[in-house]
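Structure, as structure tokens:
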Amino acid sequence: MTQIPADPTVLHPFPDQPRVVLLKPLVTSALIEVGEYSYYDDPDEPTAFETRNVLYHYGPEKLIIGKFCALGTGVRFIMNGANHRMDGPSTFPFPILGGSWAEHFDLLTGLPGRGDTVVGNDVWFGYNTMVMPGVRIGHGAIIASGAVVVDDVPDYGIVGGNPAKLIRTRYDNGDIARLLELAWWDWPAEHITEHLRVIMSGTIDDLEKLAPRA
């Protein structure tokens with residue numbers, strides 16, 4: 001029997017579950033990049049991801065999300081546009097309200113930013129997690145429900161809390177290096193389909209035996 005990969009171009013991979021959307025065919029902003037098969041789950045407005053879940057995104061910094069990421073309901077990315085001045089008596093952004101206050105817009109431009117927000121491949125975000133500007137989240141990481149991520153997360157790290165702290169890593173350093181070398185998320189979709197059970201529940205040894213040969 002021929003094994004057919006899932007279609008990464010459909011908006012709703014489960015026709016009877018409109019709460020789930022694939023992000024790559026959804027996003028239109030040039031400031032957001034998403035890899036194939038990464039999805040967002042929301043019972044209310046999943047198709048409003050760009051405006052409800054990516055906040056204060058005026059650029060030029062980008063949000064980059066890898067392949068095969070699972071984003072639970074309420075995941076939010078706070079971008080650099082949320083920044084306020086903190087070097088004076090008041091943090092209030094007076095110029096954005098207009099009038100003669102707008103003459104002082106230079107006080108808001110050029111505020112320091114932390115660069116792009118980058119999410120690796122195969123990252124699982126729990127319910128109502130928040131990612132602050134410029135954070136880099138490694139491949140295979142897990143972000144616990146309610147976590148507020150303010151610092152970088154290592155590959156295959158599990159973080160939780162506010163601010164999020166590293167709870168543990170899913171594998172030791174040697175096995176993490178092996179997984180990064182395998183980079184199964186870059187395998188052809190047909191090869192992933194054929195070996196899905198090993199990818200989901202096998203060992204790293206099993207995965208190495210199945211890796212495509214150049």
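Ordered as shown in the structure tokens, chains take letters A, B, and onward, while each chain numbers its residues from 1 and ligands are numbered from 1 in the order shown.
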So which residues of stretch 37-205 of chain A fall under strand (DSSP E) by DSSP, listed as JSON, numbers by chain? {"A": [39, 40, 41, 54, 55, 63, 64, 65, 70, 71, 76, 77, 78, 117, 118, 119, 124, 125, 130, 131, 136, 137, 142, 143, 148, 149, 157, 158, 159, 160, 165, 166, 167, 168, 169]}
So that I can check the surroundings of stretch 65-76 of chain A, please list as an mmCIF file with N, CA, C and O atoms, in the first residue's frame every protein, DNA and RNA residue that reaches within 8 Å of it, counting only C-alpha atoms and ignoring chain neighbours fewer than 5 positions away.
data_model
loop_
_atom_site.group_PDB
_atom_site.id
_atom_site.type_symbol
_atom_site.label_atom_id
_atom_site.label_comp_id
_atom_site.auth_asym_id
_atom_site.auth_seq_id
_atom_site.Cartn_x
_atom_site.Cartn_y
_atom_site.Cartn_z
ATOM 1 N N ILE A 32 7.165 37.228 9.127
ATOM 2 C CA ILE A 32 6.961 35.935 9.784
ATOM 3 C C ILE A 32 7.324 34.823 8.811
ATOM 4 O O ILE A 32 6.830 34.788 7.687
ATOM 5 N N GLU A 33 8.184 33.910 9.250
ATOM 6 C CA GLU A 33 8.536 32.737 8.465
ATOM 7 C C GLU A 33 8.204 31.488 9.269
ATOM 8 O O GLU A 33 8.560 31.399 10.446
ATOM 9 N N VAL A 34 7.506 30.540 8.636
ATOM 10 C CA VAL A 34 7.113 29.314 9.320
ATOM 11 C C VAL A 34 7.418 28.113 8.427
ATOM 12 O O VAL A 34 7.143 28.139 7.221
ATOM 13 N N GLY A 35 7.969 27.071 9.028
ATOM 14 C CA GLY A 35 8.252 25.855 8.293
ATOM 15 C C GLY A 35 7.020 24.988 8.110
ATOM 16 O O GLY A 35 5.976 25.197 8.743
ATOM 17 N N GLU A 36 7.145 23.993 7.263
ATOM 18 C CA GLU A 36 6.033 23.109 6.956
ATOM 19 C C GLU A 36 5.586 22.315 8.182
ATOM 20 O O GLU A 36 6.382 21.924 9.026
ATOM 21 N N TYR A 37 4.285 22.101 8.248
ATOM 22 C CA TYR A 37 3.597 21.250 9.236
ATOM 23 C C TYR A 37 3.495 21.859 10.629
ATOM 24 O O TYR A 37 2.870 21.264 11.515
ATOM 25 N N SER A 38 4.051 23.015 10.882
ATOM 26 C CA SER A 38 3.854 23.658 12.184
ATOM 27 C C SER A 38 2.412 24.149 12.270
ATOM 28 O O SER A 38 1.893 24.747 11.319
ATOM 29 N N TYR A 39 1.769 23.885 13.416
ATOM 30 C CA TYR A 39 0.344 24.213 13.528
ATOM 31 C C TYR A 39 0.035 24.985 14.807
ATOM 32 O O TYR A 39 0.794 24.970 15.767
ATOM 33 N N TYR A 40 -1.116 25.654 14.759
ATOM 34 C CA TYR A 40 -1.647 26.367 15.923
ATOM 35 C C TYR A 40 -3.055 25.852 16.200
ATOM 36 O O TYR A 40 -3.848 25.651 15.271
ATOM 37 N N ASP A 41 -3.377 25.647 17.480
ATOM 38 C CA ASP A 41 -4.673 25.106 17.905
ATOM 39 C C ASP A 41 -5.378 26.129 18.779
ATOM 40 O O ASP A 41 -4.850 26.540 19.816
ATOM 41 N N ASP A 42 -6.560 26.570 18.348
ATOM 42 C CA ASP A 42 -7.317 27.574 19.097
ATOM 43 C C ASP A 42 -8.805 27.407 18.781
ATOM 44 O O ASP A 42 -9.185 27.420 17.614
ATOM 45 N N PRO A 43 -9.663 27.245 19.793
ATOM 46 C CA PRO A 43 -11.086 27.050 19.522
ATOM 47 C C PRO A 43 -11.808 28.311 19.078
ATOM 48 O O PRO A 43 -12.947 28.236 18.595
ATOM 49 N N ARG A 52 -3.447 38.273 16.639
ATOM 50 C CA ARG A 52 -3.782 37.966 18.036
ATOM 51 C C ARG A 52 -2.617 37.341 18.800
ATOM 52 O O ARG A 52 -2.570 37.435 20.026
ATOM 53 N N ASN A 53 -1.716 36.693 18.077
ATOM 54 C CA ASN A 53 -0.674 35.920 18.751
ATOM 55 C C ASN A 53 0.736 36.435 18.510
ATOM 56 O O ASN A 53 1.667 36.013 19.185
ATOM 57 N N VAL A 54 0.903 37.321 17.534
ATOM 58 C CA VAL A 54 2.193 37.965 17.293
ATOM 59 C C VAL A 54 1.962 39.456 17.506
ATOM 60 O O VAL A 54 1.355 40.134 16.679
ATOM 61 N N LEU A 55 2.433 39.963 18.641
ATOM 62 C CA LEU A 55 2.038 41.294 19.095
ATOM 63 C C LEU A 55 3.174 42.310 18.976
ATOM 64 O O LEU A 55 4.347 41.973 19.141
ATOM 65 N N VAL A 118 13.559 33.424 17.172
ATOM 66 C CA VAL A 118 13.781 32.236 16.353
ATOM 67 C C VAL A 118 13.398 30.980 17.135
ATOM 68 O O VAL A 118 13.900 30.749 18.239
ATOM 69 N N VAL A 119 12.517 30.192 16.537
ATOM 70 C CA VAL A 119 12.084 28.918 17.115
ATOM 71 C C VAL A 119 12.601 27.803 16.218
ATOM 72 O O VAL A 119 12.409 27.835 14.993
ATOM 73 N N GLY A 120 13.247 26.820 16.791
ATOM 74 C CA GLY A 120 13.773 25.701 16.016
ATOM 75 C C GLY A 120 12.683 24.774 15.513
ATOM 76 O O GLY A 120 11.495 25.116 15.494
ATOM 77 N N ASN A 121 13.071 23.582 15.117
ATOM 78 C CA ASN A 121 12.139 22.577 14.625
ATOM 79 C C ASN A 121 11.669 21.669 15.761
ATOM 80 O O ASN A 121 12.370 21.483 16.751
ATOM 81 N N ASP A 122 10.462 21.119 15.609
ATOM 82 C CA ASP A 122 9.941 20.133 16.556
ATOM 83 C C ASP A 122 9.851 20.686 17.979
ATOM 84 O O ASP A 122 10.237 20.038 18.942
ATOM 85 N N VAL A 123 9.343 21.907 18.109
ATOM 86 C CA VAL A 123 9.166 22.532 19.428
ATOM 87 C C VAL A 123 7.695 22.463 19.812
ATOM 88 O O VAL A 123 6.814 22.740 19.000
ATOM 89 N N TRP A 124 7.424 22.107 21.058
ATOM 90 C CA TRP A 124 6.057 21.992 21.574
ATOM 91 C C TRP A 124 5.818 23.116 22.581
ATOM 92 O O TRP A 124 6.515 23.217 23.588
ATOM 93 N N PHE A 125 4.825 23.965 22.282
ATOM 94 C CA PHE A 125 4.428 25.048 23.170
ATOM 95 C C PHE A 125 3.137 24.680 23.882
ATOM 96 O O PHE A 125 2.107 24.411 23.237
ATOM 97 N N GLY A 126 3.138 24.714 25.205
ATOM 98 C CA GLY A 126 1.935 24.451 25.973
ATOM 99 C C GLY A 126 0.976 25.636 25.965
ATOM 100 O O GLY A 126 1.256 26.703 25.415
ATOM 101 N N TYR A 127 -0.144 25.438 26.599
ATOM 102 C CA TYR A 127 -1.229 26.423 26.667
ATOM 103 C C TYR A 127 -0.761 27.727 27.309
ATOM 104 O O TYR A 127 -0.080 27.733 28.335
ATOM 105 N N ASN A 128 -1.119 28.846 26.648
ATOM 106 C CA ASN A 128 -0.882 30.189 27.201
ATOM 107 C C ASN A 128 0.580 30.473 27.520
ATOM 108 O O ASN A 128 0.892 31.115 28.527
ATOM 109 N N THR A 129 1.477 30.050 26.661
ATOM 110 C CA THR A 129 2.875 30.418 26.856
ATOM 111 C C THR A 129 3.159 31.755 26.179
ATOM 112 O O THR A 129 2.459 32.156 25.253
ATOM 113 N N MET A 130 4.180 32.443 26.661
ATOM 114 C CA MET A 130 4.547 33.756 26.117
ATOM 115 C C MET A 130 6.046 33.778 25.864
ATOM 116 O O MET A 130 6.834 33.351 26.711
ATOM 117 N N VAL A 131 6.422 34.271 24.692
ATOM 118 C CA VAL A 131 7.824 34.348 24.308
ATOM 119 C C VAL A 131 8.179 35.814 24.122
ATOM 120 O O VAL A 131 7.546 36.535 23.345
ATOM 121 N N TRP A 185 13.706 16.325 10.745
ATOM 122 C CA TRP A 185 12.719 17.251 10.188
ATOM 123 C C TRP A 185 13.074 17.707 8.778
ATOM 124 O O TRP A 185 12.219 18.240 8.077
#
Residue nearest A:Tyr171 among A:Pro8, A:Gly98, A:Gly146, A:Gly140 (counting only C-alpha atoms): A:Gly140
Nearby residues (only C-alpha atoms) at most 12 Å from A:Pro112, same-chain spacing under 2 positions excluded, as a PyMOL selection string: chain A and resi 61+80-87+107-110+114-115+133-134
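Taking stretch 24-67 of chain A and asking which residues DSSP calls helix (DSSP H, G or I) on the backbone, you get Pro46, Thr47, Ala48, Phe49, Glu50, Thr51 and Arg52 of chain A.
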Go ahead and save the residues from that selection, with C-alpha atoms, as an mmCIF file, in the first residue's frame.
data_model
loop_
_atom_site.group_PDB
_atom_site.id
_atom_site.type_symbol
_atom_site.label_atom_id
_atom_site.label_comp_id
_atom_site.auth_asym_id
_atom_site.auth_seq_id
_atom_site.Cartn_x
_atom_site.Cartn_y
_atom_site.Cartn_z
ATOM 1 C CA PRO A 46 -7.000 30.330 14.965
ATOM 2 C CA THR A 47 -6.858 32.109 11.608
ATOM 3 C CA ALA A 48 -6.154 35.430 13.378
ATOM 4 C CA PHE A 49 -2.765 34.150 14.548
ATOM 5 C CA GLU A 50 -0.803 36.997 12.946
ATOM 6 C CA THR A 51 -2.718 39.711 14.805
ATOM 7 C CA ARG A 52 -3.782 37.966 18.036
#
Using only C-alpha atoms, pick whichever of A:Ala177, A:Glu190, A:Ser201, A:Pro18 has the shortest atom-to-atom distance to A:Glu45. A:Pro18
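Put simply, atom CA of A:Gly161 is 6.5 Å away from atom CA of A:Val148.
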Neighbour list for A:Val153 as a ChimeraX atom specification, cut-off 7 Å, only C-alpha atoms, skip fewer than 6 positions in-chain: /A:136-138
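The coordinates place atom CA of A:Val10 at 6.7 Å from atom CA of A:Pro25.
Picture a line from atom CA of A:His12 to atom CA of A:Thr193; it runs 19.3 Å.
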